[in-house]
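K.L.:
So that you have it, the file is upload-v7.tsv, and it contains TSV, N, CA and C atoms:
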chain	number	residue	atom	x	y	z
T	1	MET	N	134.07	115.23	193.46
T	1	MET	CA	133.76	114.01	194.19
T	1	MET	C	134.10	112.81	193.33
T	2	ASP	N	134.72	111.81	193.94
T	2	ASP	CA	135.04	110.58	193.23
T	2	ASP	C	133.76	109.83	192.92
T	3	ILE	N	133.84	109.03	191.87
T	3	ILE	CA	132.69	108.22	191.49
T	3	ILE	C	133.01	106.76	191.77
T	4	ASN	N	132.01	106.03	192.21
T	4	ASN	CA	132.16	104.62	192.47
T	4	ASN	C	131.01	103.91	191.76
T	5	ILE	N	131.34	102.87	191.02
T	5	ILE	CA	130.33	102.13	190.25
T	5	ILE	C	130.38	100.67	190.66
T	6	GLU	N	129.24	100.15	191.08
T	6	GLU	CA	129.13	98.75	191.46
T	6	GLU	C	128.20	98.05	190.48
T	7	THR	N	128.56	96.84	190.10
T	7	THR	CA	127.69	96.07	189.21
T	7	THR	C	127.37	94.73	189.87
T	8	SER	N	126.16	94.27	189.61
T	8	SER	CA	125.75	92.95	190.10
T	8	SER	C	124.73	92.38	189.13
T	9	ASP	N	124.47	91.11	189.28
T	9	ASP	CA	123.53	90.41	188.42
T	9	ASP	C	122.27	90.08	189.20
T	10	LEU	N	121.13	90.43	188.62
T	10	LEU	CA	119.84	90.14	189.25
T	10	LEU	C	119.05	89.18	188.36
T	11	GLY	N	119.53	87.98	188.24
T	11	GLY	CA	118.83	86.98	187.45
T	11	GLY	C	118.75	87.34	185.97
T	12	GLY	N	119.87	87.65	185.37
T	12	GLY	CA	119.90	87.97	183.95
T	12	GLY	C	119.76	89.45	183.65
T	13	ILE	N	119.50	90.24	184.66
T	13	ILE	CA	119.43	91.69	184.51
T	13	ILE	C	120.60	92.28	185.29
T	14	LYS	N	121.34	93.15	184.66
T	14	LYS	CA	122.49	93.76	185.31
T	14	LYS	C	122.06	95.01	186.08
T	15	LEU	N	122.53	95.12	187.30
T	15	LEU	CA	122.29	96.30	188.13
T	15	LEU	C	123.60	97.08	188.21
T	16	VAL	N	123.53	98.34	187.82
T	16	VAL	CA	124.68	99.24	187.90
T	16	VAL	C	124.32	100.33	188.90
T	17	THR	N	125.02	100.37	190.03
T	17	THR	CA	124.76	101.37	191.06
T	17	THR	C	125.88	102.39	191.03
T	18	VAL	N	125.50	103.66	190.88
T	18	VAL	CA	126.48	104.73	190.76
T	18	VAL	C	126.44	105.57	192.04
T	19	HIS	N	127.62	105.81	192.60
T	19	HIS	CA	127.77	106.66	193.79
T	19	HIS	C	128.65	107.84	193.40
T	20	GLY	N	128.18	109.05	193.64
T	20	GLY	CA	128.95	110.25	193.30
T	20	GLY	C	128.27	111.01	192.19
T	21	ASP	N	128.89	112.07	191.75
T	21	ASP	CA	128.32	112.91	190.70
T	21	ASP	C	128.71	112.39	189.32
T	22	ILE	N	127.78	112.49	188.38
T	22	ILE	CA	128.07	112.11	187.00
T	22	ILE	C	128.22	113.39	186.20
T	23	ASP	N	129.47	113.73	185.90
T	23	ASP	CA	129.75	114.97	185.18
T	23	ASP	C	130.80	114.72	184.10
T	24	VAL	N	131.28	115.79	183.52
T	24	VAL	CA	132.24	115.67	182.41
T	24	VAL	C	133.48	114.88	182.82
T	25	TYR	N	133.85	114.93	184.09
T	25	TYR	CA	135.05	114.24	184.55
T	25	TYR	C	134.81	112.76	184.83
T	26	SER	N	133.64	112.43	185.35
T	26	SER	CA	133.37	111.04	185.73
T	26	SER	C	132.61	110.25	184.66
T	27	SER	N	132.03	110.94	183.70
T	27	SER	CA	131.23	110.26	182.66
T	27	SER	C	131.99	109.16	181.92
T	28	PRO	N	133.28	109.37	181.57
T	28	PRO	CA	133.98	108.28	180.88
T	28	PRO	C	134.02	106.98	181.68
T	29	LYS	N	134.12	107.08	183.00
T	29	LYS	CA	134.14	105.88	183.84
T	29	LYS	C	132.77	105.19	183.80
T	30	VAL	N	131.70	105.98	183.83
T	30	VAL	CA	130.35	105.42	183.75
T	30	VAL	C	130.15	104.75	182.39
T	31	LYS	N	130.58	105.44	181.34
T	31	LYS	CA	130.46	104.90	179.98
T	31	LYS	C	131.21	103.58	179.86
T	32	ASP	N	132.44	103.54	180.35
T	32	ASP	CA	133.24	102.30	180.27
T	32	ASP	C	132.54	101.16	180.99
T	33	ALA	N	131.98	101.43	182.17
T	33	ALA	CA	131.31	100.38	182.94
T	33	ALA	C	130.08	99.86	182.19
T	34	LEU	N	129.27	100.78	181.65
T	34	LEU	CA	128.06	100.38	180.93
T	34	LEU	C	128.40	99.62	179.64
T	35	TYR	N	129.36	100.14	178.88
T	35	TYR	CA	129.70	99.49	177.61
T	35	TYR	C	130.35	98.14	177.82
T	36	GLU	N	131.08	97.97	178.91
T	36	GLU	CA	131.67	96.67	179.22
T	36	GLU	C	130.56	95.63	179.44
T	37	ILE	N	129.51	96.03	180.13
T	37	ILE	CA	128.36	95.15	180.37
T	37	ILE	C	127.66	94.83	179.05
T	38	ILE	N	127.44	95.86	178.24
T	38	ILE	CA	126.74	95.67	176.96
T	38	ILE	C	127.58	94.81	176.02
T	39	ASP	N	128.88	95.04	175.99
T	39	ASP	CA	129.77	94.25	175.13
T	39	ASP	C	129.81	92.79	175.55
T	40	ALA	N	129.47	92.52	176.82
T	40	ALA	CA	129.38	91.14	177.30
T	40	ALA	C	127.99	90.55	177.04
T	41	GLU	N	127.22	91.24	176.20
T	41	GLU	CA	125.90	90.81	175.74
T	41	GLU	C	124.84	90.79	176.84
T	42	ALA	N	124.93	91.72	177.76
T	42	ALA	CA	123.86	91.93	178.75
T	42	ALA	C	123.10	93.16	178.29
T	43	TYR	N	121.87	92.97	177.86
T	43	TYR	CA	121.12	94.05	177.22
T	43	TYR	C	119.96	94.57	178.07
T	44	LYS	N	119.78	94.01	179.25
T	44	LYS	CA	118.76	94.51	180.18
T	44	LYS	C	119.51	95.02	181.40
T	45	ILE	N	119.42	96.34	181.61
T	45	ILE	CA	120.23	96.99	182.63
T	45	ILE	C	119.38	97.93	183.47
T	46	VAL	N	119.57	97.86	184.77
T	46	VAL	CA	118.99	98.82	185.71
T	46	VAL	C	120.15	99.70	186.18
T	47	ILE	N	119.98	101.01	186.05
T	47	ILE	CA	120.98	101.95	186.54
T	47	ILE	C	120.41	102.64	187.77
T	48	ASN	N	121.01	102.39	188.92
T	48	ASN	CA	120.55	102.97	190.17
T	48	ASN	C	121.31	104.27	190.43
T	49	LEU	N	120.56	105.38	190.41
T	49	LEU	CA	121.13	106.71	190.61
T	49	LEU	C	120.74	107.29	191.98
T	50	GLU	N	120.37	106.44	192.91
T	50	GLU	CA	119.93	106.91	194.22
T	50	GLU	C	121.02	107.67	194.98
T	51	ASP	N	122.27	107.33	194.76
T	51	ASP	CA	123.36	107.95	195.51
T	51	ASP	C	124.11	109.01	194.72
T	52	ILE	N	123.49	109.57	193.68
T	52	ILE	CA	124.13	110.69	193.00
T	52	ILE	C	123.40	111.97	193.36
T	53	ARG	N	124.15	113.05	193.39
T	53	ARG	CA	123.57	114.36	193.72
T	53	ARG	C	123.49	115.26	192.49
T	54	TYR	N	124.22	114.89	191.44
T	54	TYR	CA	124.33	115.78	190.28
T	54	TYR	C	124.59	114.95	189.03
T	55	ILE	N	123.95	115.35	187.93
T	55	ILE	CA	124.25	114.77	186.63
T	55	ILE	C	124.20	115.90	185.61
T	56	ASP	N	125.21	115.97	184.76
T	56	ASP	CA	125.22	117.03	183.74
T	56	ASP	C	124.90	116.43	182.37
T	57	SER	N	124.96	117.26	181.35
T	57	SER	CA	124.59	116.82	180.01
T	57	SER	C	125.51	115.72	179.49
T	58	THR	N	126.75	115.73	179.90
T	58	THR	CA	127.67	114.67	179.48
T	58	THR	C	127.22	113.33	180.05
T	59	GLY	N	126.82	113.34	181.31
T	59	GLY	CA	126.32	112.13	181.94
T	59	GLY	C	125.04	111.62	181.29
T	60	LEU	N	124.14	112.56	180.97
T	60	LEU	CA	122.91	112.18	180.27
T	60	LEU	C	123.23	111.58	178.90
T	61	GLY	N	124.22	112.15	178.24
T	61	GLY	CA	124.64	111.63	176.93
T	61	GLY	C	125.15	110.20	177.02
T	62	VAL	N	125.87	109.89	178.08
T	62	VAL	CA	126.36	108.52	178.29
T	62	VAL	C	125.18	107.56	178.45
T	63	LEU	N	124.19	107.96	179.23
T	63	LEU	CA	123.02	107.10	179.44
T	63	LEU	C	122.25	106.89	178.14
T	64	ILE	N	122.10	107.96	177.37
T	64	ILE	CA	121.40	107.86	176.07
T	64	ILE	C	122.17	106.95	175.12
T	65	GLY	N	123.49	107.10	175.07
T	65	GLY	CA	124.31	106.25	174.21
T	65	GLY	C	124.19	104.79	174.57
T	66	ALA	N	124.19	104.50	175.86
T	66	ALA	CA	124.04	103.11	176.31
T	66	ALA	C	122.66	102.58	175.94
T	67	LEU	N	121.64	103.42	176.10
T	67	LEU	CA	120.28	102.99	175.74
T	67	LEU	C	120.19	102.66	174.25
T	68	LYS	N	120.75	103.50	173.42
T	68	LYS	CA	120.73	103.25	171.97
T	68	LYS	C	121.43	101.93	171.65
T	69	LYS	N	122.53	101.69	172.34
T	69	LYS	CA	123.30	100.47	172.08
T	69	LYS	C	122.52	99.21	172.46
T	70	VAL	N	121.81	99.23	173.59
T	70	VAL	CA	121.06	98.03	173.99
T	70	VAL	C	119.77	97.88	173.17
T	71	LYS	N	119.17	98.99	172.77
T	71	LYS	CA	117.94	98.91	171.95
T	71	LYS	C	118.22	98.21	170.64
T	72	GLY	N	119.42	98.38	170.10
T	72	GLY	CA	119.80	97.70	168.87
T	72	GLY	C	119.84	96.19	169.02
T	73	SER	N	119.87	95.72	170.24
T	73	SER	CA	119.90	94.28	170.53
T	73	SER	C	118.66	93.84	171.31
T	74	GLU	N	117.55	94.57	171.10
T	74	GLU	CA	116.28	94.25	171.74
T	74	GLU	C	116.33	94.37	173.26
T	75	GLY	N	117.23	95.18	173.79
T	75	GLY	CA	117.34	95.37	175.23
T	75	GLY	C	116.69	96.66	175.68
T	76	ASN	N	116.90	96.98	176.95
T	76	ASN	CA	116.36	98.22	177.50
T	76	ASN	C	117.11	98.57	178.78
T	77	ILE	N	117.00	99.82	179.17
T	77	ILE	CA	117.60	100.31	180.40
T	77	ILE	C	116.52	101.02	181.20
T	78	THR	N	116.46	100.71	182.48
T	78	THR	CA	115.58	101.45	183.39
T	78	THR	C	116.47	102.16	184.41
T	79	VAL	N	115.91	103.20	185.03
T	79	VAL	CA	116.67	104.01	185.97
T	79	VAL	C	115.92	104.03	187.31
T	80	VAL	N	116.68	103.87	188.39
T	80	VAL	CA	116.14	104.01	189.73
T	80	VAL	C	116.56	105.38	190.25
T	81	CYS	N	115.55	106.19	190.58
T	81	CYS	CA	115.85	107.53	191.08
T	81	CYS	C	114.63	108.10	191.79
T	82	SER	N	114.83	108.47	193.05
T	82	SER	CA	113.76	109.14	193.78
T	82	SER	C	114.16	110.56	194.18
T	83	ASN	N	115.40	110.95	193.88
T	83	ASN	CA	115.88	112.29	194.19
T	83	ASN	C	115.15	113.30	193.30
T	84	PRO	N	114.39	114.24	193.88
T	84	PRO	CA	113.61	115.18	193.07
T	84	PRO	C	114.46	116.03	192.14
T	85	GLN	N	115.68	116.38	192.55
T	85	GLN	CA	116.54	117.21	191.70
T	85	GLN	C	116.99	116.44	190.46
T	86	ILE	N	117.35	115.20	190.63
T	86	ILE	CA	117.79	114.39	189.49
T	86	ILE	C	116.60	114.05	188.60
T	87	LYS	N	115.47	113.71	189.20
T	87	LYS	CA	114.27	113.44	188.40
T	87	LYS	C	113.86	114.66	187.59
T	88	LYS	N	114.05	115.84	188.14
T	88	LYS	CA	113.71	117.07	187.44
T	88	LYS	C	114.56	117.22	186.17
T	89	VAL	N	115.83	116.84	186.24
T	89	VAL	CA	116.70	116.89	185.06
T	89	VAL	C	116.14	115.97	183.97
T	90	PHE	N	115.72	114.78	184.35
T	90	PHE	CA	115.14	113.84	183.38
T	90	PHE	C	113.83	114.39	182.82
T	91	THR	N	113.04	115.06	183.64
T	91	THR	CA	111.77	115.62	183.18
T	91	THR	C	112.00	116.80	182.23
T	92	ILE	N	112.85	117.73	182.62
T	92	ILE	CA	113.12	118.92	181.80
T	92	ILE	C	113.67	118.53	180.43
T	93	THR	N	114.54	117.54	180.39
T	93	THR	CA	115.15	117.12	179.13
T	93	THR	C	114.26	116.19	178.31
T	94	GLY	N	113.15	115.75	178.88
T	94	GLY	CA	112.26	114.83	178.18
T	94	GLY	C	112.70	113.39	178.27
T	95	LEU	N	113.78	113.13	178.99
T	95	LEU	CA	114.29	111.76	179.08
T	95	LEU	C	113.43	110.87	179.95
T	96	VAL	N	112.55	111.47	180.72
T	96	VAL	CA	111.62	110.67	181.54
T	96	VAL	C	110.70	109.85	180.63
T	97	LYS	N	110.51	110.31	179.39
T	97	LYS	CA	109.67	109.58	178.43
T	97	LYS	C	110.45	108.46	177.75
T	98	ILE	N	111.77	108.53	177.79
T	98	ILE	CA	112.61	107.55	177.10
T	98	ILE	C	113.07	106.45	178.05
T	99	PHE	N	113.47	106.86	179.25
T	99	PHE	CA	113.88	105.90	180.28
T	99	PHE	C	112.71	105.67	181.22
T	100	GLY	N	112.54	104.45	181.64
T	100	GLY	CA	111.60	104.21	182.73
T	100	GLY	C	112.29	104.64	184.02
T	101	ILE	N	111.67	105.53	184.78
T	101	ILE	CA	112.23	106.00	186.05
T	101	ILE	C	111.42	105.37	187.18
T	102	TYR	N	112.08	104.64	188.06
T	102	TYR	CA	111.40	103.89	189.11
T	102	TYR	C	111.96	104.24	190.48
T	103	PRO	N	111.15	104.08	191.54
T	103	PRO	CA	111.60	104.46	192.88
T	103	PRO	C	112.51	103.44	193.56
T	104	ASN	N	112.57	102.21	193.03
T	104	ASN	CA	113.43	101.19	193.66
T	104	ASN	C	113.85	100.13	192.64
T	105	ASN	N	114.83	99.32	193.03
T	105	ASN	CA	115.37	98.30	192.13
T	105	ASN	C	114.32	97.28	191.71
T	106	ASP	N	113.47	96.86	192.65
T	106	ASP	CA	112.47	95.83	192.34
T	106	ASP	C	111.54	96.26	191.21
T	107	GLU	N	111.04	97.49	191.29
T	107	GLU	CA	110.14	97.97	190.25
T	107	GLU	C	110.85	98.13	188.91
T	108	ALA	N	112.10	98.58	188.96
T	108	ALA	CA	112.87	98.73	187.72
T	108	ALA	C	113.15	97.37	187.07
T	109	VAL	N	113.47	96.38	187.88
T	109	VAL	CA	113.71	95.03	187.37
T	109	VAL	C	112.43	94.44	186.80
T	110	ASN	N	111.32	94.58	187.50
T	110	ASN	CA	110.04	94.05	187.03
T	110	ASN	C	109.64	94.68	185.71
T	111	ALA	N	109.93	95.94	185.52
T	111	ALA	CA	109.61	96.61	184.25
T	111	ALA	C	110.40	96.00	183.10
T	112	LEU	N	111.63	95.59	183.36
T	112	LEU	CA	112.44	94.96	182.31
T	112	LEU	C	111.99	93.54	182.01
T	113	LYS	N	111.39	92.89	182.97
T	113	LYS	CA	110.92	91.51	182.78
T	113	LYS	C	109.60	91.47	182.04
T	114	ALA	N	108.87	92.57	182.07
T	114	ALA	CA	107.53	92.61	181.46
T	114	ALA	C	107.60	92.51	179.95
Starting from the file, lay out its structure as structure tokens.
P.N.:
Amino acid sequence: MDINIETSDLGGIKLVTVHGDIDVYSSPKVKDALYEIIDAEAYKIVINLEDIRYIDSTGLGVLIGALKKVKGSEGNITVVCSNPQIKKVFTITGLVKIFGIYPNNDEAVNALKA
């Protein structure tokens, strides 16, 4: 499945919405999109994963790498995800403790503003 990545600005917080599966083939595109935002000095990012059906370890690695990069600049990344299968991946890997996982964009944005 092709991947589509949309970015927008929510009052100083970048929203990255991913459509499609995040796997070994599509992860470089996700990484490029995230790092382009970070390199432009946007360190508060919401990643919306509502429209993905699958994420593998490569995709998780990209998210972790982006989080490490923004943390070095006092930033943070939150994730929007209500899909039980995707949330389970975050829970099993322990990443639910590292990323804030929220049911919608508003809650994820508010968590970054706090």
K.L.:
Leaving out Asp56 (chain T) and any residue of its chain fewer than 4 positions from it, which residues lie within 7 Å of it when counting all atoms listed in the file, given as a PyMOL selection string?
P.N.:
chain T and resi 21-24+60-61
K.L.:
Take the selection from the previous step and output its residues with N, CA and C atoms, as a compact mmCIF listing (two decimals), in the coordinates of the input.
P.N.:
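What ended up in selection10.txt:
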# COMPACT_ATOMS: atom_id res chain seq x y z
N ASP T 21 128.89 112.07 191.75
CA ASP T 21 128.32 112.91 190.70
C ASP T 21 128.71 112.39 189.32
N ILE T 22 127.78 112.49 188.38
CA ILE T 22 128.07 112.11 187.00
C ILE T 22 128.22 113.39 186.20
N ASP T 23 129.47 113.73 185.90
CA ASP T 23 129.75 114.97 185.18
C ASP T 23 130.80 114.72 184.10
N VAL T 24 131.28 115.79 183.52
CA VAL T 24 132.24 115.67 182.41
C VAL T 24 133.48 114.88 182.82
N LEU T 60 124.14 112.56 180.97
CA LEU T 60 122.91 112.18 180.27
C LEU T 60 123.23 111.58 178.90
N GLY T 61 124.22 112.15 178.24
CA GLY T 61 124.64 111.63 176.93
C GLY T 61 125.15 110.20 177.02
K.L.:
Could you name the residues that touch region 81-98 of chain T at 9 Å or less, counting only C-alpha atoms, but leaving out those on the same chain fewer than 4 positions away, as JSON, numbers by chain?
P.N.:
{"T": [47, 48, 49, 50, 51, 52, 53, 54, 55, 56, 60, 64, 102, 103, 104]}
K.L.:
Counting all atoms listed in the file, note down every residue that has an atom within 5 Å of the point (113.4, 103.1, 182.6) (file coordinates), as a list in words.
P.N.:
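Protein and nucleic acid residues near the point are Ile77, Thr78, Val79, Phe99, Gly100 and Ile101 of chain T.
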K.L.:
Give me every strand (DSSP E) residue in region 4-112 of chain T, going by DSSP on the backbone, as an mmCIF file with N, CA and C atoms, in the coordinates of the input.
P.N.:
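Final output, result_30.cif:
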data_model
loop_
_atom_site.group_PDB
_atom_site.id
_atom_site.type_symbol
_atom_site.label_atom_id
_atom_site.label_comp_id
_atom_site.auth_asym_id
_atom_site.auth_seq_id
_atom_site.Cartn_x
_atom_site.Cartn_y
_atom_site.Cartn_z
ATOM 1 N N ASN T 4 132.010 106.030 192.210
ATOM 2 C CA ASN T 4 132.160 104.620 192.470
ATOM 3 C C ASN T 4 131.010 103.910 191.760
ATOM 4 N N ILE T 5 131.340 102.870 191.020
ATOM 5 C CA ILE T 5 130.330 102.130 190.250
ATOM 6 C C ILE T 5 130.380 100.670 190.660
ATOM 7 N N GLU T 6 129.240 100.150 191.080
ATOM 8 C CA GLU T 6 129.130 98.750 191.460
ATOM 9 C C GLU T 6 128.200 98.050 190.480
ATOM 10 N N THR T 7 128.560 96.840 190.100
ATOM 11 C CA THR T 7 127.690 96.070 189.210
ATOM 12 C C THR T 7 127.370 94.730 189.870
ATOM 13 N N SER T 8 126.160 94.270 189.610
ATOM 14 C CA SER T 8 125.750 92.950 190.100
ATOM 15 C C SER T 8 124.730 92.380 189.130
ATOM 16 N N ASP T 9 124.470 91.110 189.280
ATOM 17 C CA ASP T 9 123.530 90.410 188.420
ATOM 18 C C ASP T 9 122.270 90.080 189.200
ATOM 19 N N LYS T 14 121.340 93.150 184.660
ATOM 20 C CA LYS T 14 122.490 93.760 185.310
ATOM 21 C C LYS T 14 122.060 95.010 186.080
ATOM 22 N N LEU T 15 122.530 95.120 187.300
ATOM 23 C CA LEU T 15 122.290 96.300 188.130
ATOM 24 C C LEU T 15 123.600 97.080 188.210
ATOM 25 N N VAL T 16 123.530 98.340 187.820
ATOM 26 C CA VAL T 16 124.680 99.240 187.900
ATOM 27 C C VAL T 16 124.320 100.330 188.900
ATOM 28 N N THR T 17 125.020 100.370 190.030
ATOM 29 C CA THR T 17 124.760 101.370 191.060
ATOM 30 C C THR T 17 125.880 102.390 191.030
ATOM 31 N N VAL T 18 125.500 103.660 190.880
ATOM 32 C CA VAL T 18 126.480 104.730 190.760
ATOM 33 C C VAL T 18 126.440 105.570 192.040
ATOM 34 N N HIS T 19 127.620 105.810 192.600
ATOM 35 C CA HIS T 19 127.770 106.660 193.790
ATOM 36 C C HIS T 19 128.650 107.840 193.400
ATOM 37 N N LYS T 44 119.780 94.010 179.250
ATOM 38 C CA LYS T 44 118.760 94.510 180.180
ATOM 39 C C LYS T 44 119.510 95.020 181.400
ATOM 40 N N ILE T 45 119.420 96.340 181.610
ATOM 41 C CA ILE T 45 120.230 96.990 182.630
ATOM 42 C C ILE T 45 119.380 97.930 183.470
ATOM 43 N N VAL T 46 119.570 97.860 184.770
ATOM 44 C CA VAL T 46 118.990 98.820 185.710
ATOM 45 C C VAL T 46 120.150 99.700 186.180
ATOM 46 N N ILE T 47 119.980 101.010 186.050
ATOM 47 C CA ILE T 47 120.980 101.950 186.540
ATOM 48 C C ILE T 47 120.410 102.640 187.770
ATOM 49 N N ASN T 48 121.010 102.390 188.920
ATOM 50 C CA ASN T 48 120.550 102.970 190.170
ATOM 51 C C ASN T 48 121.310 104.270 190.430
ATOM 52 N N LEU T 49 120.560 105.380 190.410
ATOM 53 C CA LEU T 49 121.130 106.710 190.610
ATOM 54 C C LEU T 49 120.740 107.290 191.980
ATOM 55 N N GLU T 50 120.370 106.440 192.910
ATOM 56 C CA GLU T 50 119.930 106.910 194.220
ATOM 57 C C GLU T 50 121.020 107.670 194.980
ATOM 58 N N ASP T 51 122.270 107.330 194.760
ATOM 59 C CA ASP T 51 123.360 107.950 195.510
ATOM 60 C C ASP T 51 124.110 109.010 194.720
ATOM 61 N N ASN T 76 116.900 96.980 176.950
ATOM 62 C CA ASN T 76 116.360 98.220 177.500
ATOM 63 C C ASN T 76 117.110 98.570 178.780
ATOM 64 N N ILE T 77 117.000 99.820 179.170
ATOM 65 C CA ILE T 77 117.600 100.310 180.400
ATOM 66 C C ILE T 77 116.520 101.020 181.200
ATOM 67 N N THR T 78 116.460 100.710 182.480
ATOM 68 C CA THR T 78 115.580 101.450 183.390
ATOM 69 C C THR T 78 116.470 102.160 184.410
ATOM 70 N N VAL T 79 115.910 103.200 185.030
ATOM 71 C CA VAL T 79 116.670 104.010 185.970
ATOM 72 C C VAL T 79 115.920 104.030 187.310
ATOM 73 N N VAL T 80 116.680 103.870 188.390
ATOM 74 C CA VAL T 80 116.140 104.010 189.730
ATOM 75 C C VAL T 80 116.560 105.380 190.250
ATOM 76 N N GLY T 100 112.540 104.450 181.640
ATOM 77 C CA GLY T 100 111.600 104.210 182.730
ATOM 78 C C GLY T 100 112.290 104.640 184.020
ATOM 79 N N ILE T 101 111.670 105.530 184.780
ATOM 80 C CA ILE T 101 112.230 106.000 186.050
ATOM 81 C C ILE T 101 111.420 105.370 187.180
ATOM 82 N N TYR T 102 112.080 104.640 188.060
ATOM 83 C CA TYR T 102 111.400 103.890 189.110
ATOM 84 C C TYR T 102 111.960 104.240 190.480
#
K.L.:
Distance CA of Ala42 (chain T)-CA of Gly20 (chain T), one decimal place?
P.N.:
23.9 Å
K.L.:
Which residue is closest to Val16 (chain T)? Choose from T:Glu36, T:Asp2, T:Glu107, T:Glu74 and count only C-alpha atoms.
P.N.:
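That would be T:Glu36, the residue with the smallest distance to Val16 (chain T).
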